[in-house]
$ cat target15.csv   # CSV, C-alpha atoms and all ligand atoms
chain,number,residue,atom,x,y,z
Y,1,MET,CA,88.5,71.2,-173.7
Y,2,GLU,CA,90.2,74.4,-174.8
Y,3,ARG,CA,92.0,73.6,-178.0
Y,4,LEU,CA,95.6,74.7,-178.1
Y,5,ARG,CA,96.5,77.3,-180.7
Y,6,ASP,CA,98.4,76.1,-183.8
Y,7,VAL,CA,102.1,76.4,-183.3
Y,8,LEU,CA,105.3,74.9,-184.6
Y,9,VAL,CA,108.6,74.4,-182.9
Y,10,ARG,CA,111.8,73.7,-184.9
Y,11,ALA,CA,114.8,72.5,-182.9
Y,12,THR,CA,118.1,70.9,-183.1
Y,13,ALA,CA,119.8,68.2,-180.9
Y,14,CYS,CA,123.1,66.3,-180.6
Y,15,ASP,CA,125.3,69.2,-181.7
Y,16,GLY,CA,123.2,69.8,-184.8
Y,17,MET,CA,123.2,66.1,-185.9
Y,18,VAL,CA,119.5,65.8,-185.2
Y,19,ARG,CA,116.8,68.0,-186.6
Y,20,CYS,CA,113.4,68.0,-185.0
Y,21,VAL,CA,110.1,69.7,-185.7
Y,22,ALA,CA,106.8,69.4,-183.9
Y,23,ALA,CA,103.5,71.1,-184.6
Y,24,ILE,CA,100.0,71.5,-183.3
Y,25,THR,CA,97.6,71.9,-186.3
Y,26,THR,CA,94.2,71.3,-184.7
Y,27,ARG,CA,92.6,74.6,-185.7
Y,28,LEU,CA,93.9,74.7,-189.3
Y,29,VAL,CA,92.8,71.0,-189.9
Y,30,ASP,CA,89.4,71.8,-188.4
Y,31,GLU,CA,89.2,74.9,-190.7
Y,32,ALA,CA,90.1,72.8,-193.8
Y,33,SER,CA,87.5,70.2,-192.8
Y,34,ARG,CA,84.9,72.9,-192.4
Y,35,ARG,CA,85.7,74.7,-195.7
Y,36,HIS,CA,85.8,71.5,-197.8
Y,37,ARG,CA,83.0,69.7,-195.8
Y,38,THR,CA,85.2,66.6,-195.6
Y,39,SER,CA,84.1,63.3,-194.2
Y,40,PRO,CA,85.9,62.1,-191.1
Y,41,THR,CA,88.2,59.8,-193.1
Y,42,VAL,CA,89.1,62.6,-195.5
Y,43,SER,CA,89.6,65.0,-192.6
Y,44,ALA,CA,92.2,62.5,-191.2
Y,45,ALA,CA,93.9,62.0,-194.6
Y,46,LEU,CA,93.9,65.7,-195.5
Y,47,GLY,CA,94.8,66.8,-191.9
Y,48,ARG,CA,97.8,64.5,-191.8
Y,49,THR,CA,99.0,65.9,-195.2
Y,50,LEU,CA,98.4,69.5,-194.1
Y,51,THR,CA,100.5,68.8,-191.0
Y,52,ALA,CA,103.2,67.2,-193.0
Y,53,GLY,CA,103.2,70.4,-195.2
Y,54,ALA,CA,103.6,72.5,-192.1
Y,55,LEU,CA,106.5,70.4,-190.9
Y,56,LEU,CA,108.3,70.5,-194.3
Y,57,GLY,CA,107.5,74.1,-194.8
Y,58,SER,CA,109.4,75.0,-191.6
Y,59,MET,CA,112.6,73.9,-193.4
Y,60,LEU,CA,112.2,76.2,-196.3
Y,61,LYS,CA,113.9,79.5,-197.0
Y,62,ASP,CA,111.6,82.5,-196.4
Y,63,THR,CA,110.6,82.9,-200.0
Y,64,GLU,CA,110.0,79.3,-200.9
Y,65,LYS,CA,107.0,77.1,-200.8
Y,66,VAL,CA,106.5,73.3,-200.7
Y,67,THR,CA,103.8,71.3,-202.4
Y,68,ILE,CA,102.9,67.7,-201.3
Y,69,LEU,CA,100.9,65.9,-203.9
Y,70,LEU,CA,99.4,62.5,-203.5
Y,71,GLN,CA,98.4,61.1,-206.9
Y,72,CYS,CA,96.6,58.0,-205.6
Y,73,THR,CA,94.4,55.2,-206.8
Y,74,GLY,CA,92.1,55.0,-203.7
Y,75,PRO,CA,88.7,56.6,-203.5
Y,76,ILE,CA,90.0,59.9,-202.1
Y,77,GLY,CA,91.3,60.5,-205.7
Y,78,GLY,CA,94.3,62.7,-204.6
Y,79,ILE,CA,95.5,65.2,-202.1
Y,80,THR,CA,97.3,68.5,-202.7
Y,81,VAL,CA,98.8,70.6,-199.9
Y,82,GLU,CA,100.9,73.7,-200.1
Y,83,ALA,CA,102.9,75.4,-197.3
Y,84,ASP,CA,105.3,78.2,-196.9
Y,85,ALA,CA,108.0,79.1,-194.4
Y,86,ARG,CA,105.8,81.6,-192.6
Y,87,GLY,CA,103.3,79.1,-191.3
Y,88,ASN,CA,100.7,79.4,-194.0
Y,89,VAL,CA,99.2,76.1,-195.1
Y,90,ARG,CA,96.4,75.2,-197.5
Y,91,GLY,CA,95.1,72.1,-199.2
Y,92,TYR,CA,92.3,70.0,-200.5
Y,93,ALA,CA,91.3,66.4,-201.4
Y,94,LYS,CA,89.9,65.5,-204.8
Y,95,ASN,CA,86.9,63.7,-203.3
Y,96,PRO,CA,86.2,65.3,-199.9
Y,97,ARG,CA,83.1,63.3,-199.1
Y,98,VAL,CA,84.4,59.8,-199.4
Y,99,ASP,CA,84.1,58.0,-196.2
Y,100,LEU,CA,85.2,54.5,-195.1
Y,101,PRO,CA,84.3,52.4,-192.0
Y,102,LEU,CA,86.8,52.5,-189.1
Y,103,THR,CA,89.5,49.8,-189.1
Y,104,GLU,CA,89.4,46.9,-186.6
Y,105,LYS,CA,91.6,49.0,-184.3
Y,106,LYS,CA,89.0,51.8,-184.5
Y,107,LYS,CA,91.2,54.0,-186.5
Y,108,PHE,CA,90.4,56.0,-189.7
Y,109,ASP,CA,91.0,53.9,-192.7
Y,110,VAL,CA,93.3,56.5,-194.3
Y,111,SER,CA,95.4,53.9,-196.2
Y,112,GLY,CA,92.1,52.4,-197.6
Y,113,ALA,CA,91.1,55.9,-198.8
Y,114,VAL,CA,94.5,56.7,-200.3
Y,115,GLY,CA,95.4,53.3,-201.8
Y,116,GLY,CA,98.5,53.2,-204.0
Y,117,GLY,CA,100.0,55.7,-206.3
Y,118,MET,CA,102.8,58.3,-206.1
Y,119,LEU,CA,103.8,60.9,-203.5
Y,120,TYR,CA,105.4,64.0,-205.0
Y,121,VAL,CA,107.2,66.8,-203.1
Y,122,LEU,CA,107.9,70.1,-205.0
Y,123,ARG,CA,110.0,72.9,-203.5
Y,124,GLU,CA,110.0,76.2,-205.4
Y,125,ALA,CA,110.4,79.9,-205.1
Y,126,ASP,CA,107.1,81.5,-204.2
Y,127,TYR,CA,106.5,83.2,-207.6
Y,128,TYR,CA,103.8,85.6,-206.2
Y,129,ARG,CA,106.1,86.9,-203.5
Y,130,THR,CA,109.4,87.0,-205.4
Y,131,GLY,CA,108.3,87.5,-209.0
Y,132,LEU,CA,111.1,85.0,-209.8
Y,133,PHE,CA,110.6,81.8,-211.5
Y,134,ARG,CA,113.2,79.1,-211.0
Y,135,ASP,CA,112.9,75.4,-211.9
Y,136,PRO,CA,111.3,73.7,-208.9
Y,137,TYR,CA,113.0,70.9,-207.1
Y,138,CYS,CA,110.8,67.8,-207.4
Y,139,GLY,CA,111.2,64.4,-205.8
Y,140,SER,CA,108.8,61.4,-205.7
Y,141,VAL,CA,108.4,58.0,-204.3
Y,142,PRO,CA,105.7,55.3,-204.7
Y,143,ILE,CA,103.1,55.4,-201.9
Y,144,VAL,CA,104.2,52.5,-199.6
Y,145,SER,CA,101.6,52.6,-196.9
Y,146,GLY,CA,98.9,55.2,-197.6
Y,147,GLU,CA,98.9,56.2,-193.9
Y,148,ILE,CA,100.8,59.4,-195.0
Y,149,ALA,CA,103.3,59.6,-192.1
Y,150,GLU,CA,105.1,56.5,-193.3
Y,151,ASP,CA,105.0,57.7,-196.8
Y,152,VAL,CA,106.5,61.1,-196.0
Y,153,ALA,CA,109.2,59.4,-193.9
Y,154,TYR,CA,109.9,57.1,-196.8
Y,155,TYR,CA,110.1,60.0,-199.2
Y,156,LEU,CA,112.6,62.0,-197.0
Y,157,THR,CA,114.7,58.9,-196.4
Y,158,GLN,CA,114.8,57.6,-200.0
Y,159,SER,CA,114.5,60.6,-202.2
Y,160,GLU,CA,116.2,63.3,-200.0
Y,161,GLN,CA,118.5,60.7,-198.4
Y,162,ILE,CA,117.9,62.0,-194.9
Y,163,PRO,CA,116.9,59.2,-192.4
Y,164,SER,CA,113.6,60.5,-191.0
Y,165,ALA,CA,110.9,59.5,-188.6
Y,166,VAL,CA,107.4,61.1,-189.0
Y,167,SER,CA,104.3,60.9,-186.8
Y,168,LEU,CA,101.1,62.5,-187.9
Y,169,GLY,CA,97.6,62.4,-186.3
Y,170,VAL,CA,94.1,63.7,-186.5
Y,171,PHE,CA,91.4,63.1,-183.8
Y,172,VAL,CA,87.8,64.0,-184.3
Y,173,LEU,CA,84.8,64.1,-181.9
Y,174,PRO,CA,81.1,64.1,-182.7
Y,175,ASP,CA,79.7,67.6,-182.7
Y,176,GLU,CA,76.0,68.5,-182.6
Y,177,GLU,CA,76.1,71.4,-185.0
Y,178,ARG,CA,78.6,70.1,-187.5
Y,179,PHE,CA,78.4,66.3,-187.2
Y,180,PHE,CA,82.0,66.2,-186.0
Y,181,ARG,CA,84.9,68.5,-185.2
Y,182,VAL,CA,88.7,68.1,-185.2
Y,183,GLU,CA,89.6,67.9,-181.5
Y,184,ALA,CA,93.4,67.4,-181.9
Y,185,ALA,CA,95.8,67.3,-184.9
Y,186,GLY,CA,99.5,67.6,-185.1
Y,187,GLY,CA,102.7,65.8,-185.8
Y,188,PHE,CA,106.5,65.6,-185.4
Y,189,LEU,CA,109.5,64.9,-187.6
Y,190,ILE,CA,112.9,63.8,-186.5
Y,191,GLN,CA,115.9,63.6,-188.9
Y,192,THR,CA,119.5,62.5,-188.4
Y,193,PHE,CA,122.4,63.7,-190.4
Y,194,PRO,CA,125.5,61.9,-191.5
Y,195,GLY,CA,128.1,61.5,-188.7
Y,196,VAL,CA,125.5,60.8,-186.0
Y,197,SER,CA,126.5,57.9,-183.9
Y,198,ASN,CA,124.8,54.5,-183.9
Y,199,ASP,CA,124.1,54.9,-180.2
Y,200,VAL,CA,122.1,58.0,-180.8
Y,201,ILE,CA,120.2,56.4,-183.6
Y,202,ARG,CA,119.4,53.4,-181.5
Y,203,ASP,CA,118.2,55.6,-178.6
Y,204,LEU,CA,116.1,57.8,-180.8
Y,205,GLU,CA,114.5,54.8,-182.5
Y,206,ALA,CA,113.6,53.4,-179.1
Y,207,SER,CA,112.2,56.7,-177.7
Y,208,ILE,CA,110.2,57.4,-180.8
Y,209,LEU,CA,108.8,53.9,-180.7
Y,210,ALA,CA,107.7,54.4,-177.1
Y,211,THR,CA,106.2,57.8,-177.8
Y,212,PRO,CA,102.3,57.8,-177.6
Y,213,TYR,CA,100.1,58.8,-180.5
Y,214,VAL,CA,100.6,62.5,-181.2
Y,215,THR,CA,96.9,63.2,-180.8
Y,216,GLU,CA,97.0,61.5,-177.4
Y,217,MET,CA,99.8,63.9,-176.3
Y,218,ILE,CA,97.9,66.9,-177.6
Y,219,ARG,CA,94.7,65.9,-175.9
Y,220,GLN,CA,96.7,65.7,-172.7
Y,221,GLY,CA,97.5,69.4,-173.2
Y,222,MET,CA,101.1,68.9,-174.5
Y,223,GLY,CA,102.5,71.5,-176.9
Y,224,PRO,CA,105.2,71.0,-179.5
Y,225,ARG,CA,108.0,71.4,-176.9
Y,226,GLU,CA,106.6,68.6,-174.7
Y,227,ILE,CA,106.0,66.4,-177.7
Y,228,LEU,CA,109.7,66.8,-178.8
Y,229,HIS,CA,110.8,66.2,-175.3
Y,230,THR,CA,108.9,62.9,-175.2
Y,231,ALA,CA,110.0,61.8,-178.7
Y,232,LEU,CA,113.7,62.6,-178.0
Y,233,GLY,CA,113.8,60.8,-174.7
Y,234,ALA,CA,117.0,61.5,-172.9
Y,235,TYR,CA,118.3,64.0,-175.4
Y,236,THR,CA,118.0,67.7,-174.8
Y,237,PHE,CA,117.3,70.1,-177.7
Y,238,GLU,CA,117.8,73.7,-178.6
Y,239,ILE,CA,114.8,75.6,-180.1
Y,240,LEU,CA,115.7,77.5,-183.3
Y,241,GLU,CA,112.2,78.8,-184.1
Y,242,GLU,CA,108.7,78.9,-182.7
Y,243,LYS,CA,105.9,80.2,-184.9
Y,244,GLU,CA,102.1,80.2,-185.4
Y,245,LEU,CA,100.5,78.2,-188.1
Y,246,ARG,CA,97.3,78.9,-190.0
Y,247,PHE,CA,95.1,77.8,-192.9
Y,248,ALA,CA,95.6,80.6,-195.4
Y,249,CYS,CA,94.9,80.8,-199.1
Y,250,THR,CA,96.5,83.2,-201.7
Y,251,CYS,CA,93.3,83.5,-203.7
Y,252,SER,CA,91.3,86.7,-204.0
Y,253,PHE,CA,88.6,88.3,-206.1
Y,254,GLU,CA,91.3,90.3,-208.0
Y,255,ARG,CA,93.3,87.2,-208.7
Y,256,ALA,CA,90.2,85.3,-209.9
Y,257,ARG,CA,89.4,88.3,-212.1
Y,258,ARG,CA,92.9,88.2,-213.6
Y,259,ILE,CA,92.5,84.5,-214.5
Y,260,LEU,CA,89.1,85.4,-216.1
Y,261,ALA,CA,90.7,88.3,-218.0
Y,262,ALA,CA,93.3,85.9,-219.5
Y,263,LEU,CA,90.6,83.8,-221.1
Y,264,ASP,CA,89.8,84.0,-224.8
Y,265,PRO,CA,87.3,86.8,-225.4
Y,266,GLU,CA,85.1,84.4,-227.3
Y,267,GLU,CA,84.9,82.2,-224.3
Y,268,LEU,CA,84.0,85.2,-222.1
Y,269,ARG,CA,81.2,86.2,-224.6
Y,270,ALA,CA,79.9,82.6,-224.4
Y,271,MET,CA,79.8,82.8,-220.6
Y,272,LEU,CA,77.9,86.1,-220.8
Y,273,ARG,CA,75.4,84.8,-223.4
Y,274,GLU,CA,74.8,81.4,-221.8
Y,275,ASP,CA,75.2,81.9,-218.1
Y,276,GLY,CA,74.9,85.7,-217.7
Y,277,GLY,CA,78.0,85.6,-215.6
Y,278,ALA,CA,80.8,83.4,-214.3
Y,279,GLU,CA,81.7,81.6,-211.1
Y,280,MET,CA,85.1,80.5,-210.0
Y,281,ILE,CA,85.8,78.2,-207.1
Y,282,CYS,CA,89.2,78.0,-205.5
Y,283,HIS,CA,90.3,74.4,-205.2
Y,284,PHE,CA,92.5,75.1,-202.2
Y,285,CYS,CA,90.0,76.9,-199.9
Y,286,ASN,CA,86.6,76.3,-201.6
Y,287,ALA,CA,86.0,80.1,-201.8
Y,288,THR,CA,83.6,81.1,-204.5
Y,289,TYR,CA,84.0,84.2,-206.6
Y,290,ARG,CA,81.0,85.3,-208.6
Y,291,PHE,CA,81.1,87.7,-211.6
Y,292,ASP,CA,77.8,89.0,-212.8
Y,293,ALA,CA,77.0,90.2,-216.4
Y,294,ASP,CA,78.4,93.7,-215.7
Y,295,ASP,CA,81.6,92.3,-214.3
Y,296,LEU,CA,82.1,90.2,-217.4
Y,297,ARG,CA,81.3,93.1,-219.7
Y,298,ALA,CA,83.9,95.2,-217.9
Y,299,VAL,CA,86.5,92.4,-218.3
Y,300,LEU,CA,85.6,92.1,-222.0
Y,301,LEU,CA,85.9,95.9,-222.5
Y,302,GLU,CA,89.4,95.9,-221.0
Y,303,ARG,CA,90.4,93.1,-223.4
Y,304,ASP,CA,88.9,94.7,-226.5
Y,305,PRO,CA,87.9,98.4,-226.0
Y,306,THR,CA,86.6,98.5,-229.6
Y,307,ALA,CA,84.0,95.7,-229.1
Y,401,ZN,ZN,91.6,80.0,-202.1
$ encode --input "target15.csv" --output "structure tokens"
Amino acid sequence: MERLRDVLVRATACDGMVRCVAAITTRLVDEASRRHRTSPTVSAALGRTLTAGALLGSMLKDTEKVTILLQCTGPIGGITVEADARGNVRGYAKNPRVDLPLTEKKKFDVSGAVGGGMLYVLREADYYRTGLFRDPYCGSVPIVSGEIAEDVAYYLTQSEQIPSAVSLGVFVLPDEERFFRVEAAGGFLIQTFPGVSNDVIRDLEASILATPYVTEMIRQGMGPREILHTALGAYTFEILEEKELRFACTCSFERARRILAALDPEELRAMLREDGGAEMICHFCNATYRFDADDLRAVLLERDPTA
């Protein structure tokens, strides 16, 4: 099956009283799985969190970014995802290779991998883009289900006080070359604002409950518009924005070099002496930056031209 490109649609319904976002994230979740060589269970957990990041990212101002952090007690150890308003998403799991048997319903045991703990959401100005540093907005809730969609919905409803329904899904298929590949991933988010009538809330609850799994809809070839159409039932919506999504990291050789250059010269000399170079691995995208002895000497010379 030709996989749909990653795209997000943000819309509004019921005279602005209902906010809705839907996203296809198949390719970016597949890329994250490939980069981090995640197990199928972690692909599902990380993929759902990456999708949640894309959904929350769509509500940011252009220069902001959002971080979703699961500090959890389960074997996955933790998940960190960052997204911006322009469709860039990146993230990683602390223990990418942890795998668990499927549940009785033949689903990934994401809650078993995540366990308990805390879910944090941080919104802040993107320092690298704006050069501004402002105190970030940070909210948190205990992890109530570990399935991630329920936890993000609980966070939005409790911490941000906006009643929210969230659906997230990742579907993988066996693959000869890579053991498995992400065949479908995506999600949707529906929020109601104060003043919305009880009838609307009741209708939406019923239609969301009757909506198939998001991966099932994507595998049928449905895009974000069709997903929203299904989830909203009888209600029509107005599209505010449609944009592409991608797995993108902000790391670079130059940035890695700047981090290296900020280290204590004594530490740099020890690296040169003991390892003959240095290696830095980006947590977010697993890219490796190698600095050989000459690179390190050049960095040291910049720090201390008299040495
Ligand atoms: Zn990176």
$ residues_near_ligand --input "target15.csv" --ligand "ligand ZN 401 (chain Y)" --cutoff "12 Å" --atoms "all atoms listed in the file" --output "ChimeraX atom specification"
/Y:32,35-36,82,89-92,247-256,280-289
$ residues_around --input "target15.csv" --residues "Val200 of chain Y" --least-positions-apart "4" --cutoff "9 Å" --atoms "all atoms listed in the file" --output "compact mmCIF listing (two decimals) with C-alpha atoms, in the coordinates of the input"
# COMPACT_ATOMS: atom_id res chain seq x y z
CA CYS Y 14 123.10 66.30 -180.60
CA VAL Y 196 125.50 60.80 -186.00
CA LEU Y 204 116.10 57.80 -180.80
CA GLU Y 205 114.50 54.80 -182.50
CA TYR Y 235 118.30 64.00 -175.40
$ atom_distance --input "target15.csv" --atom1 "atom CA of Ile143 of chain Y" --atom2 "atom CA of Cys72 of chain Y"
7.9 Å
$ residues_around --input "target15.csv" --residues "Gly16 of chain Y" --least-positions-apart "5" --cutoff "10 Å" --atoms "only C-alpha atoms" --output "VMD selection string"
chain Y and resid 11 192 to 193 196 237 to 238
$ write_last_selection --input "target15.csv" --atoms "C-alpha atoms" --output "CSV table (one decimal), in the coordinates of the input"
chain,number,residue,atom,x,y,z
Y,11,ALA,CA,114.8,72.5,-182.9
Y,192,THR,CA,119.5,62.5,-188.4
Y,193,PHE,CA,122.4,63.7,-190.4
Y,196,VAL,CA,125.5,60.8,-186.0
Y,237,PHE,CA,117.3,70.1,-177.7
Y,238,GLU,CA,117.8,73.7,-178.6
$ atom_distance --input "target15.csv" --atom1 "atom CA of Ser140 of chain Y" --atom2 "atom CA of Phe188 of chain Y"
20.9 Å
$ closest_residue --input "target15.csv" --among "Y:Thr306, Y:Ser111, Y:Thr215, Y:Gln71" --to "Ala185 of chain Y" --atoms "all atoms listed in the file"
Y:Thr215
$ residues_around --input "target15.csv" --residues "Ala149 of chain Y" --least-positions-apart "2" --cutoff "7 Å" --atoms "all atoms listed in the file" --output "PDB file with C-alpha atoms, in the frame of the given file"
ATOM      1  CA  GLU Y 147      98.900  56.200-193.900  1.00  0.00           C
ATOM      2  CA  ASP Y 151     105.000  57.700-196.800  1.00  0.00           C
ATOM      3  CA  VAL Y 152     106.500  61.100-196.000  1.00  0.00           C
ATOM      4  CA  ALA Y 153     109.200  59.400-193.900  1.00  0.00           C
ATOM      5  CA  VAL Y 166     107.400  61.100-189.000  1.00  0.00           C
ATOM      6  CA  SER Y 167     104.300  60.900-186.800  1.00  0.00           C
ATOM      7  CA  LEU Y 168     101.100  62.500-187.900  1.00  0.00           C
TER       8      LEU Y 168
END
